[in-house]
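J.: Take a look at entry_24.txt, compact mmCIF, C-alpha atoms and all ligand atoms:
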```txt
# COMPACT_ATOMS: atom_id res chain seq x y z
CA MET J 1 70.82 98.98 126.90
CA LYS J 2 74.35 97.80 126.04
CA ARG J 3 76.91 98.29 128.79
CA ILE J 4 80.26 99.40 127.40
CA ALA J 5 83.67 99.39 129.09
CA ILE J 6 86.13 101.80 127.48
CA LEU J 7 89.76 100.95 128.15
CA GLY J 8 91.75 104.12 127.44
CA SER J 9 88.73 106.43 127.84
CA THR J 10 90.94 109.52 128.30
CA GLY J 11 92.57 109.22 124.84
CA SER J 12 91.40 110.32 121.41
CA ILE J 13 89.40 107.17 120.59
CA GLY J 14 88.17 106.88 124.18
CA GLN J 15 86.78 110.42 124.22
CA ASN J 16 85.16 109.96 120.80
CA THR J 17 83.54 106.75 122.05
CA LEU J 18 82.05 108.61 125.00
CA GLU J 19 80.61 111.17 122.57
CA VAL J 20 78.92 108.37 120.64
CA ILE J 21 77.52 106.96 123.90
CA ARG J 22 76.26 110.42 124.87
CA ASN J 23 74.38 110.60 121.55
CA PHE J 24 72.47 107.37 122.30
CA PRO J 25 71.60 107.52 126.02
CA ASP J 26 68.81 104.95 125.64
CA LYS J 27 71.03 102.44 123.80
CA PHE J 28 74.41 102.56 125.57
CA CYS J 29 75.93 103.33 128.91
CA ALA J 30 79.59 103.56 129.93
CA VAL J 31 79.79 100.98 132.70
CA GLY J 32 83.59 101.08 133.03
CA LEU J 33 86.36 103.57 132.14
CA SER J 34 90.14 103.53 132.38
CA THR J 35 93.19 105.73 132.06
CA ASN J 36 96.90 105.31 132.39
CA SER J 37 97.45 108.47 134.44
CA ASN J 38 95.10 111.20 133.25
CA ILE J 39 93.18 111.53 136.51
CA ASP J 40 91.69 114.95 135.70
CA ILE J 41 89.99 113.90 132.46
CA LEU J 42 88.90 110.61 134.05
CA TYR J 43 87.28 112.45 136.95
CA GLN J 44 85.33 114.70 134.56
CA GLN J 45 84.18 111.58 132.69
CA ILE J 46 83.10 109.93 135.96
CA LYS J 47 80.96 112.96 136.85
CA LYS J 48 79.35 113.01 133.41
CA PHE J 49 78.84 109.29 132.69
CA ARG J 50 78.57 107.79 136.20
CA PRO J 51 80.32 104.45 135.46
CA ALA J 52 80.06 101.60 137.98
CA PHE J 53 83.85 101.12 138.01
CA VAL J 54 87.05 102.69 136.72
CA CYS J 55 90.70 101.72 136.56
CA VAL J 56 93.86 103.81 136.86
CA ARG J 57 96.86 101.93 135.57
CA ASN J 58 99.61 104.18 136.90
CA GLU J 59 99.67 103.41 140.64
CA ASP J 60 101.72 106.55 141.41
CA VAL J 61 98.88 108.94 140.59
CA VAL J 62 95.93 107.06 142.05
CA THR J 63 95.76 108.54 145.59
CA ARG J 64 94.53 111.88 144.25
CA LEU J 65 91.47 110.15 142.78
CA GLU J 66 90.82 107.73 145.65
CA SER J 67 89.55 110.36 148.10
CA LYS J 68 87.39 112.06 145.45
CA LEU J 69 85.67 108.79 144.54
CA LYS J 70 84.59 107.86 148.08
CA SER J 71 81.32 109.78 147.87
CA LYS J 72 80.57 108.73 144.30
CA GLY J 73 80.01 105.00 144.77
CA VAL J 74 82.42 104.16 141.93
CA LYS J 75 84.59 101.07 142.35
CA LEU J 76 88.28 101.79 141.72
CA PHE J 77 90.62 99.22 140.21
CA ILE J 78 94.35 99.91 140.24
CA GLY J 79 97.29 98.90 138.07
CA GLU J 80 97.69 96.26 135.37
CA ALA J 81 96.17 93.56 137.59
CA GLY J 82 93.21 95.80 138.39
CA LEU J 83 92.57 96.39 134.69
CA GLY J 84 92.55 92.62 134.11
CA LYS J 85 90.01 92.18 136.92
CA MET J 86 87.81 95.06 135.80
CA VAL J 87 87.46 93.76 132.28
CA GLN J 88 86.02 90.46 133.54
CA ASP J 89 83.09 92.13 135.33
CA LYS J 90 79.85 90.44 134.32
CA ARG J 91 78.08 93.76 133.82
CA ILE J 92 80.16 94.51 130.70
CA ASP J 93 78.55 93.63 127.34
CA LYS J 94 81.26 95.01 125.06
CA VAL J 95 84.83 96.20 125.58
CA VAL J 96 86.24 99.09 123.56
CA LEU J 97 90.00 98.63 123.48
CA ALA J 98 91.32 102.17 123.02
CA ILE J 99 94.61 101.81 124.89
CA SER J 100 97.64 102.44 122.68
CA GLY J 101 100.59 100.06 122.46
CA ALA J 102 101.30 96.34 122.66
CA GLY J 103 101.05 96.53 126.45
CA ALA J 104 97.28 96.14 125.97
CA LEU J 105 97.68 92.50 124.88
CA ALA J 106 97.18 91.01 128.37
CA VAL J 107 93.91 92.85 129.00
CA LEU J 108 92.69 92.08 125.46
CA LEU J 109 93.21 88.36 126.07
CA LYS J 110 91.48 88.61 129.48
CA ALA J 111 88.48 90.32 127.88
CA ILE J 112 88.22 87.62 125.22
CA GLU J 113 88.61 84.83 127.78
CA SER J 114 85.73 86.27 129.80
CA GLY J 115 83.52 86.13 126.71
CA LYS J 116 83.18 89.84 125.89
CA ASP J 117 82.78 91.14 122.35
CA ILE J 118 85.60 93.53 121.48
CA ALA J 119 85.40 96.82 119.60
CA LEU J 120 89.05 97.02 118.62
CA ALA J 121 90.88 100.33 118.14
CA ASN J 122 94.29 99.23 119.45
CA LYS J 123 96.37 97.81 116.64
CA GLU J 124 99.74 97.15 118.28
CA ALA J 125 98.54 94.33 120.57
CA PHE J 126 96.55 92.81 117.73
CA VAL J 127 99.38 92.76 115.19
CA ILE J 128 101.90 91.12 117.50
CA ALA J 129 99.62 88.20 118.36
CA GLY J 130 96.96 88.17 115.62
CA PRO J 131 96.71 84.38 115.13
CA ILE J 132 96.48 83.70 118.89
CA ILE J 133 93.83 86.39 119.35
CA MET J 134 91.72 85.22 116.39
CA LYS J 135 91.92 81.59 117.56
CA LYS J 136 90.84 82.52 121.09
CA ALA J 137 88.01 84.68 119.73
CA THR J 138 86.72 81.74 117.66
CA GLN J 139 86.96 79.35 120.64
CA LYS J 140 85.07 81.81 122.85
CA LYS J 141 82.58 82.62 120.05
CA ILE J 142 83.08 86.35 120.52
CA LYS J 143 83.29 89.04 117.84
CA ILE J 144 86.23 91.35 117.23
CA ILE J 145 84.71 94.37 115.51
CA PRO J 146 87.26 96.83 114.16
CA ILE J 147 87.13 100.54 114.98
CA ASP J 148 90.07 101.54 112.81
CA SER J 149 88.38 103.29 109.87
CA GLU J 150 90.08 101.17 107.19
CA GLN J 151 89.33 97.86 108.92
CA SER J 152 85.79 99.02 109.62
CA ALA J 153 85.41 99.80 105.91
CA ILE J 154 86.56 96.31 104.92
CA TRP J 155 84.35 94.73 107.60
CA GLN J 156 81.35 96.63 106.20
CA CYS J 157 82.19 95.74 102.57
CA LEU J 158 82.39 92.06 103.55
CA LYS J 159 79.09 91.93 105.41
CA ASN J 160 77.02 89.23 103.67
CA GLU J 161 79.84 88.48 101.20
CA ASP J 162 81.72 85.25 100.54
CA LYS J 163 85.25 85.83 101.90
CA ASP J 164 86.64 83.13 99.60
CA LYS J 165 85.78 85.36 96.65
CA ILE J 166 88.08 88.25 97.58
CA ARG J 167 90.61 89.10 94.87
CA ASN J 168 92.30 92.07 96.54
CA ILE J 169 91.83 94.47 99.42
CA TYR J 170 92.71 98.13 98.81
CA LEU J 171 93.78 99.90 101.99
CA THR J 172 93.63 103.64 101.53
CA ALA J 173 96.01 106.10 103.22
CA SER J 174 95.86 109.89 103.32
CA GLY J 175 99.65 109.97 102.87
CA GLY J 176 100.06 111.98 106.09
CA PRO J 177 101.63 115.43 106.53
CA PHE J 178 104.73 114.57 104.43
CA ARG J 179 103.01 113.09 101.38
CA GLN J 180 104.69 115.64 99.12
CA ALA J 181 107.88 116.14 101.10
CA GLY J 182 111.18 115.47 99.34
CA LYS J 183 113.74 113.03 100.75
CA LYS J 184 115.84 116.00 101.96
CA ASP J 185 112.84 117.59 103.76
CA LEU J 186 112.30 114.36 105.70
CA GLU J 187 115.74 114.76 107.32
CA ASN J 188 114.64 117.69 109.45
CA ILE J 189 111.18 116.77 110.69
CA SER J 190 110.35 118.07 114.18
CA VAL J 191 107.89 116.48 116.60
CA HIS J 192 105.56 119.42 116.00
CA ASP J 193 105.62 118.79 112.20
CA ALA J 194 104.98 115.06 112.63
CA LEU J 195 101.96 115.57 114.87
CA ARG J 196 100.16 117.79 112.35
CA HIS J 197 98.06 115.25 110.47
CA PRO J 198 96.11 116.80 107.57
CA ARG J 199 92.93 114.73 108.03
CA TRP J 200 92.67 113.10 111.46
CA LYS J 201 93.10 114.30 115.05
CA MET J 202 94.71 111.42 116.92
CA GLY J 203 96.99 110.53 119.83
CA PRO J 204 100.75 111.23 119.44
CA LYS J 205 101.97 107.69 118.73
CA ILE J 206 99.55 106.97 115.88
CA SER J 207 100.14 110.47 114.46
CA VAL J 208 103.87 109.75 114.09
CA ASP J 209 103.05 106.30 112.66
CA SER J 210 100.79 108.00 110.11
CA ALA J 211 103.48 110.50 109.17
CA ASN J 212 105.94 107.79 108.06
CA LEU J 213 103.31 105.24 106.85
CA MET J 214 104.10 102.75 109.63
CA ASN J 215 100.46 103.12 110.58
CA LYS J 216 99.51 101.77 107.15
CA GLY J 217 102.06 99.00 107.60
CA LEU J 218 100.46 98.02 110.91
CA GLU J 219 97.12 98.04 109.10
CA VAL J 220 98.48 95.64 106.46
CA LEU J 221 99.23 93.23 109.34
CA GLU J 222 95.87 93.95 110.97
CA THR J 223 94.04 93.23 107.69
CA MET J 224 96.02 90.05 107.12
CA TYR J 225 95.05 88.59 110.50
CA LEU J 226 91.54 89.99 110.81
CA PHE J 227 90.38 88.88 107.35
CA ASN J 228 92.79 85.96 106.85
CA ILE J 229 94.25 87.19 103.58
CA GLU J 230 97.84 87.03 102.25
CA PRO J 231 99.84 90.30 102.22
CA GLN J 232 100.33 90.07 98.43
CA ARG J 233 96.60 90.71 98.03
CA ILE J 234 96.57 93.74 100.33
CA LYS J 235 97.34 96.84 98.25
CA VAL J 236 98.01 100.24 99.78
CA LEU J 237 96.71 103.24 97.86
CA ILE J 238 97.46 106.87 98.73
CA HIS J 239 94.15 108.71 98.66
CA PRO J 240 94.71 112.25 100.02
CA GLN J 241 91.02 113.15 100.41
CA SER J 242 90.41 110.23 102.86
CA ILE J 243 86.84 109.83 101.64
CA ILE J 244 87.11 106.17 100.62
CA HIS J 245 88.20 104.35 103.77
CA SER J 246 89.09 101.08 101.99
CA MET J 247 87.79 98.77 99.25
CA VAL J 248 87.34 95.08 98.54
CA GLU J 249 87.72 93.72 95.03
CA PHE J 250 85.94 90.41 94.37
CA GLU J 251 86.70 87.62 91.89
CA ASP J 252 84.07 88.89 89.43
CA GLY J 253 85.80 92.28 89.14
CA VAL J 254 83.27 94.10 91.35
CA ILE J 255 84.75 96.49 93.91
CA LEU J 256 82.87 97.55 97.04
CA ALA J 257 84.05 100.67 98.85
CA GLN J 258 82.99 102.38 102.06
CA LEU J 259 82.85 106.17 102.00
CA SER J 260 82.20 108.72 104.72
CA VAL J 261 83.59 111.97 106.07
CA THR J 262 86.76 111.75 108.18
CA ASP J 263 85.23 111.44 111.64
CA MET J 264 86.21 108.55 113.92
CA ARG J 265 82.78 108.69 115.57
CA ILE J 266 81.39 107.01 112.44
CA PRO J 267 83.38 103.72 112.66
CA ILE J 268 83.15 103.83 116.47
CA GLN J 269 79.36 104.08 116.28
CA TYR J 270 79.20 101.16 113.86
CA ALA J 271 81.40 99.02 116.12
CA LEU J 272 78.97 99.72 118.98
CA THR J 273 75.73 99.27 117.04
CA TYR J 274 76.82 96.38 114.74
CA PRO J 275 74.98 94.76 113.00
CA GLN J 276 72.46 97.61 113.18
CA ARG J 277 72.81 101.13 111.82
CA LEU J 278 71.49 104.04 113.89
CA THR J 279 70.63 107.55 112.75
CA ASN J 280 73.07 110.25 113.81
CA ARG J 281 73.63 113.95 113.18
CA LEU J 282 77.23 113.75 112.05
CA ALA J 283 78.28 115.50 108.85
CA ALA J 284 77.72 113.66 105.56
CA ILE J 285 79.57 113.77 102.23
CA ASP J 286 78.41 116.42 99.79
CA PHE J 287 79.41 114.84 96.46
CA CYS J 288 78.91 118.06 94.51
CA LYS J 289 81.52 119.79 96.67
CA LEU J 290 84.08 117.02 96.10
CA SER J 291 86.07 118.12 93.09
CA LYS J 292 87.93 114.83 92.69
CA LEU J 293 89.23 111.68 94.34
CA ASP J 294 92.95 111.02 93.77
CA PHE J 295 94.89 107.78 94.06
CA GLN J 296 98.64 107.18 93.94
CA GLU J 297 101.02 104.35 94.67
CA PRO J 298 102.90 104.72 97.97
CA ASP J 299 106.57 105.68 97.72
CA PHE J 300 108.44 102.85 99.47
CA ARG J 301 111.78 104.69 99.14
CA ARG J 302 110.70 107.79 101.02
CA PHE J 303 108.62 105.75 103.48
CA PRO J 304 110.59 102.55 104.21
CA CYS J 305 108.41 101.67 107.23
CA LEU J 306 105.72 100.42 104.87
CA GLY J 307 108.17 98.04 103.19
CA LEU J 308 109.35 96.78 106.59
CA ALA J 309 105.76 95.99 107.54
CA TYR J 310 105.25 94.00 104.31
CA ARG J 311 108.50 92.18 105.06
CA VAL J 312 107.25 91.03 108.48
CA ALA J 313 103.81 90.26 107.05
CA ASN J 314 105.54 87.75 104.80
CA GLU J 315 107.83 86.42 107.53
CA GLN J 316 105.11 86.28 110.24
CA GLY J 317 106.09 84.35 113.42
CA THR J 318 107.63 86.71 115.98
CA ALA J 319 108.73 89.23 113.31
CA PRO J 320 105.60 91.46 113.66
CA ALA J 321 106.21 91.68 117.43
CA VAL J 322 109.80 92.74 116.79
CA LEU J 323 108.79 95.35 114.22
CA ASN J 324 106.14 96.74 116.56
CA ALA J 325 108.37 96.82 119.65
CA ALA J 326 111.27 98.52 117.82
CA ASN J 327 108.76 101.00 116.40
CA GLU J 328 107.17 101.76 119.80
CA VAL J 329 110.61 102.44 121.30
CA SER J 330 111.77 104.54 118.34
CA VAL J 331 108.59 106.63 118.20
CA GLY J 332 108.77 107.14 121.98
CA GLU J 333 112.35 108.40 121.66
CA PHE J 334 111.45 110.61 118.69
CA LEU J 335 108.60 112.18 120.71
CA LYS J 336 111.15 112.99 123.44
CA ASN J 337 113.45 114.60 120.83
CA ARG J 338 116.03 111.87 121.33
CA LEU J 339 115.87 110.32 117.85
CA ARG J 340 115.47 111.80 114.38
CA PHE J 341 112.34 111.09 112.38
CA ILE J 342 114.31 109.49 109.54
CA SER J 343 116.14 107.20 111.98
CA ILE J 344 112.93 105.40 113.02
CA PRO J 345 112.92 102.92 110.07
CA LYS J 346 116.69 102.49 110.33
CA ILE J 347 116.45 101.35 113.95
CA ILE J 348 113.57 98.99 113.15
CA GLU J 349 115.46 97.45 110.24
CA LYS J 350 118.61 96.89 112.33
CA VAL J 351 116.59 95.12 115.04
CA LEU J 352 114.72 93.01 112.49
CA ASP J 353 117.97 92.00 110.77
CA LYS J 354 119.34 90.75 114.10
CA HIS J 355 116.18 88.84 115.04
CA ARG J 356 115.89 85.06 114.72
CA ASN J 357 112.29 84.48 113.78
CA VAL J 358 110.20 81.92 115.66
CA ILE J 359 107.56 80.46 113.36
CA ASP J 360 104.15 79.59 114.82
CA PRO J 361 105.01 81.21 118.17
CA GLY J 362 103.24 80.81 121.48
CA LEU J 363 102.40 83.77 123.68
CA ASP J 364 105.67 83.42 125.63
CA ASP J 365 107.71 83.53 122.39
CA ILE J 366 105.91 86.72 121.37
CA LEU J 367 106.43 88.42 124.72
CA GLU J 368 110.08 87.38 124.73
CA ALA J 369 110.58 88.74 121.19
CA ASP J 370 108.84 91.98 122.18
CA ASN J 371 111.08 92.38 125.20
CA TRP J 372 114.25 91.49 123.28
CA ALA J 373 113.41 93.94 120.46
CA ARG J 374 112.87 96.81 122.92
CA THR J 375 116.30 96.25 124.49
CA GLU J 376 117.96 95.99 121.07
CA ALA J 377 116.23 99.13 119.81
CA TYR J 378 117.48 101.13 122.81
CA LYS J 379 121.01 99.78 122.23
CA PHE J 380 121.00 100.91 118.56
CA ILE J 381 119.54 104.31 119.51
CA HIS J 382 122.29 104.83 122.12
CA LYS J 383 124.92 104.02 119.49
CA LEU J 384 123.57 106.85 117.31
CA ARG J 385 124.10 109.44 120.06
N1 LIG J 401 93.12 108.14 117.29
C1 LIG J 401 92.62 107.58 116.22
O1 LIG J 401 91.94 108.23 115.41
C2 LIG J 401 92.85 106.10 115.95
C3 LIG J 401 92.33 105.53 114.78
C4 LIG J 401 92.51 104.17 114.57
C5 LIG J 401 93.17 103.38 115.50
N2 LIG J 401 93.68 103.98 116.63
C6 LIG J 401 94.40 103.13 117.60
O2 LIG J 401 93.73 103.23 118.84
C7 LIG J 401 94.67 103.19 119.92
C8 LIG J 401 94.50 104.44 120.76
O3 LIG J 401 94.84 105.57 119.98
P1 LIG J 401 94.60 107.07 120.50
O4 LIG J 401 94.96 107.95 119.37
O5 LIG J 401 93.23 107.17 121.11
O6 LIG J 401 95.72 107.16 121.64
P2 LIG J 401 95.83 108.21 122.83
O7 LIG J 401 95.07 109.43 122.52
O8 LIG J 401 97.28 108.32 123.13
O9 LIG J 401 95.08 107.46 124.05
C9 LIG J 401 95.57 106.27 124.62
C10 LIG J 401 94.73 105.88 125.83
O10 LIG J 401 95.30 104.71 126.42
C11 LIG J 401 95.72 105.00 127.77
N3 LIG J 401 96.98 104.29 127.97
C12 LIG J 401 98.17 104.51 127.35
N4 LIG J 401 99.09 103.61 127.75
C13 LIG J 401 98.46 102.80 128.63
C14 LIG J 401 98.86 101.67 129.39
N5 LIG J 401 100.11 101.18 129.29
N6 LIG J 401 97.95 101.07 130.18
C15 LIG J 401 96.69 101.54 130.27
N7 LIG J 401 96.24 102.59 129.59
C16 LIG J 401 97.11 103.22 128.77
C17 LIG J 401 95.90 106.51 127.81
O11 LIG J 401 95.84 107.02 129.13
P3 LIG J 401 96.43 108.49 129.46
O12 LIG J 401 95.38 109.45 129.01
O13 LIG J 401 96.65 108.50 130.92
O14 LIG J 401 97.71 108.61 128.68
C18 LIG J 401 94.71 106.94 126.94
O15 LIG J 401 93.52 106.81 127.66
C19 LIG J 401 96.05 103.06 119.27
O16 LIG J 401 96.45 101.72 119.25
C20 LIG J 401 95.83 103.57 117.85
O17 LIG J 401 96.71 102.98 116.93
C21 LIG J 401 93.52 105.31 116.88
```
Would you mind writing the file's structure down as structure tokens?
Ligand SMILES: NC(=O)c1ccc[n+]([C@@H]2O[C@H](COP(=O)([O-])OP(=O)(O)OC[C@H]3O[C@@H](n4cnc5c(N)ncnc54)[C@H](OP(=O)(O)O)[C@@H]3O)[C@@H](O)[C@H]2O)c1

T.:
Amino acid sequence: MKRIAILGSTGSIGQNTLEVIRNFPDKFCAVGLSTNSNIDILYQQIKKFRPAFVCVRNEDVVTRLESKLKSKGVKLFIGEAGLGKMVQDKRIDKVVLAISGAGALAVLLKAIESGKDIALANKEAFVIAGPIIMKKATQKKIKIIPIDSEQSAIWQCLKNEDKDKIRNIYLTASGGPFRQAGKKDLENISVHDALRHPRWKMGPKISVDSANLMNKGLEVLETMYLFNIEPQRIKVLIHPQSIIHSMVEFEDGVILAQLSVTDMRIPIQYALTYPQRLTNRLAAIDFCKLSKLDFQEPDFRRFPCLGLAYRVANEQGTAPAVLNAANEVSVGEFLKNRLRFISIPKIIEKVLDKHRNVIDPGLDDILEADNWARTEAYKFIHKLR
């Protein structure tokens, strides 16, 4: 029985992870759960999965849960510090990091330091401090197993392969809801439009990132750090059917691809069961019903976020933290109807242009750059009003 802690259990990845755990009651149990402030969903999860401990990050909402938990024998951790303590509990075998945003970096580092294997969904924390995280993971001899479907695909293609023999990695992208939209159409995108992803049901932040291809840009950075490969050899391919989740081309011209239906429970299950595969009842591909698989080059002019991500992948240092922070602020403001969809890349570019990159940064440099970029992004957004 593997004991799993799910950080961000009330979100899209968190809830899918609990479904996987429910499908294998003799293999996994949810020993710890956490939310930012979604007490109602967390309480339902506590009743169903009976974790030993939970954490609520937002201290303002916690009292409502405290009284309910008294009779349940569930330990309650509170706030950022509580989350850091919870993740070090010796009863945890694997941590699923399903919190969104770079704010998850501190708890990710705590989990690694306490020797836990990580099933990684969060990409923001990873891309701002990839080299530090990978170094710590090696020192602690723990595994970082990706949940993101594209990274999971690459991870699976590379199992038992010589990583020195990679020629290119092909990261596939559905193209999002505006794949065929003209430049003029992109000027009037509402929040409702941006959240309607054609293939995946996800949380709001990643849905907006997918709509303007920033999500693919973050994945370029994720791939670069996770598999130690230069950005020039990471190629993005628009593949609207989202059947091939990514591919690895080797030096001998052979390409390995991973295919499955679009269901996040598949990569989540693999991240939990790795290196084993377990039988499930999820839908499978029916090849005879697939009329075709299409591939196109991404349009960097209509989707400048992707180009900005390649730019910081080449610059490295604190530039990825700046890109991510300016993006988090801009997407947050867009979701509150305070910034236009097309202004998101403009804000990020302005902040990046003003940034003085620190090469080979320490954690403090990264956190400082993150903080600085958030302030700058707000300043540029205010100027637009
Ligand atoms: N969804 C997908 O299919 C998918 C695929 C690949 C990768 N990812 C990545 O996985 C991460 C999660 O995505 P998601 O779509 O599951 O997001 P989501 O639905 O918005 O869920 C986020 C979870 O994190 C919690 N949370 C948010 N901010 C927090 C904070 N500051 N401290 C502690 N907990 C916090 C939320 O709590 P509340 O419920 O209280 O808000 C919720 O439980 C993202 O980094 C995303 O890029 C997602």

J.: Calculated over only C-alpha atoms, which of the candidates J:Ser174, J:Lys110, J:Asn160, J:Gln180 has the smallest distance to His197 of chain J?

T.: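 Looking only at the distances to His197 of chain J, the closest residue turns out to be J:Ser174.
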
J.: Which residues are near ligand LIG 401 (chain J) - at most 9 Å, using only C-alpha atoms and all ligand atoms? Format: as an NGL selection string.

T.: :J and (6-16 or 34-39 or 41-42 or 55-58 or 79-80 or 83 or 97-104 or 120-125 or 146-150 or 200-207 or 209 or 215 or 218 or 263-264)

J.: Kindly provide, as number ranges by chain, the polymer residues lying within 7 Å of (103.2, 102.2, 101.4), counting only C-alpha atoms and using the coordinates exactly as they appear in the file.

T.: J: 213, 216, 236, 298-300, 303, 306-307

J.: Can you tell me, as a list in words, what residues are no more than 9 Å from Lys183 of chain J when counting only C-alpha atoms, ignoring any on the same chain fewer than 4 positions away?

T.: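 Contacts, in chain order: Glu187, Arg301 and Arg302 of chain J.
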
J.: Would you compute the distance between atom CA of Ile112 of chain J and atom CA of Lys135 of chain J? Give it in Å to one decimal.

T.: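 A separation of 10.4 Å between them.
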
J.: With all atoms listed in the file as the basis for distance, which of J:Val74, J:Asp60, J:His245, J:Val220 is at the shortest distance from Leu33 of chain J?

T.: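 Once distances to Leu33 of chain J are computed over all atoms listed in the file, the minimum belongs to J:Val74.
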
J.: Residues within 9 Å of (68.2, 101.3, 126.7), file coordinates, counting only C-alpha atoms: what are they? Give the list as a list of chain:residue names.

T.: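 Within the cut-off we find J:Met1, J:Lys2, J:Phe24, J:Pro25, J:Asp26, J:Lys27, J:Phe28, J:Cys29.
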
J.: When you get a chance, write out N, CA and C atoms for segment 7-20 of chain J, as a PDB file, keeping the file's coordinate frame.

T.:
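Once everything was written out, this is part_6.pdb:
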```
ATOM      1  N   LEU J   7      88.400 100.996 127.607  1.00  0.00           N
ATOM      2  CA  LEU J   7      89.760 100.950 128.150  1.00  0.00           C
ATOM      3  C   LEU J   7      90.585 101.989 127.379  1.00  0.00           C
ATOM      4  N   GLY J   8      91.072 102.997 128.096  1.00  0.00           N
ATOM      5  CA  GLY J   8      91.750 104.120 127.440  1.00  0.00           C
ATOM      6  C   GLY J   8      90.746 105.221 127.147  1.00  0.00           C
ATOM      7  N   SER J   9      89.819 105.469 128.096  1.00  0.00           N
ATOM      8  CA  SER J   9      88.730 106.430 127.840  1.00  0.00           C
ATOM      9  C   SER J   9      89.225 107.871 127.775  1.00  0.00           C
ATOM     10  N   THR J  10      90.442 108.141 128.283  1.00  0.00           N
ATOM     11  CA  THR J  10      90.940 109.520 128.300  1.00  0.00           C
ATOM     12  C   THR J  10      91.682 109.889 127.005  1.00  0.00           C
ATOM     13  N   GLY J  11      91.853 108.949 126.097  1.00  0.00           N
ATOM     14  CA  GLY J  11      92.570 109.220 124.840  1.00  0.00           C
ATOM     15  C   GLY J  11      91.618 109.675 123.743  1.00  0.00           C
ATOM     16  N   SER J  12      92.174 109.806 122.547  1.00  0.00           N
ATOM     17  CA  SER J  12      91.400 110.320 121.410  1.00  0.00           C
ATOM     18  C   SER J  12      90.227 109.397 121.055  1.00  0.00           C
ATOM     19  N   ILE J  13      90.489 108.115 120.905  1.00  0.00           N
ATOM     20  CA  ILE J  13      89.400 107.170 120.590  1.00  0.00           C
ATOM     21  C   ILE J  13      88.444 107.054 121.781  1.00  0.00           C
ATOM     22  N   GLY J  14      89.000 107.007 122.980  1.00  0.00           N
ATOM     23  CA  GLY J  14      88.170 106.880 124.180  1.00  0.00           C
ATOM     24  C   GLY J  14      87.176 108.030 124.293  1.00  0.00           C
ATOM     25  N   GLN J  15      87.664 109.249 124.091  1.00  0.00           N
ATOM     26  CA  GLN J  15      86.780 110.420 124.220  1.00  0.00           C
ATOM     27  C   GLN J  15      85.735 110.444 123.100  1.00  0.00           C
ATOM     28  N   ASN J  16      86.137 110.043 121.896  1.00  0.00           N
ATOM     29  CA  ASN J  16      85.160 109.960 120.800  1.00  0.00           C
ATOM     30  C   ASN J  16      84.095 108.900 121.086  1.00  0.00           C
ATOM     31  N   THR J  17      84.512 107.808 121.723  1.00  0.00           N
ATOM     32  CA  THR J  17      83.540 106.750 122.050  1.00  0.00           C
ATOM     33  C   THR J  17      82.513 107.279 123.053  1.00  0.00           C
ATOM     34  N   LEU J  18      82.988 108.046 124.019  1.00  0.00           N
ATOM     35  CA  LEU J  18      82.050 108.610 125.000  1.00  0.00           C
ATOM     36  C   LEU J  18      81.076 109.587 124.328  1.00  0.00           C
ATOM     37  N   GLU J  19      81.537 110.276 123.302  1.00  0.00           N
ATOM     38  CA  GLU J  19      80.610 111.170 122.570  1.00  0.00           C
ATOM     39  C   GLU J  19      79.525 110.363 121.872  1.00  0.00           C
ATOM     40  N   VAL J  20      79.917 109.227 121.296  1.00  0.00           N
ATOM     41  CA  VAL J  20      78.920 108.370 120.640  1.00  0.00           C
ATOM     42  C   VAL J  20      77.912 107.880 121.684  1.00  0.00           C
TER      43      VAL J  20
END
```
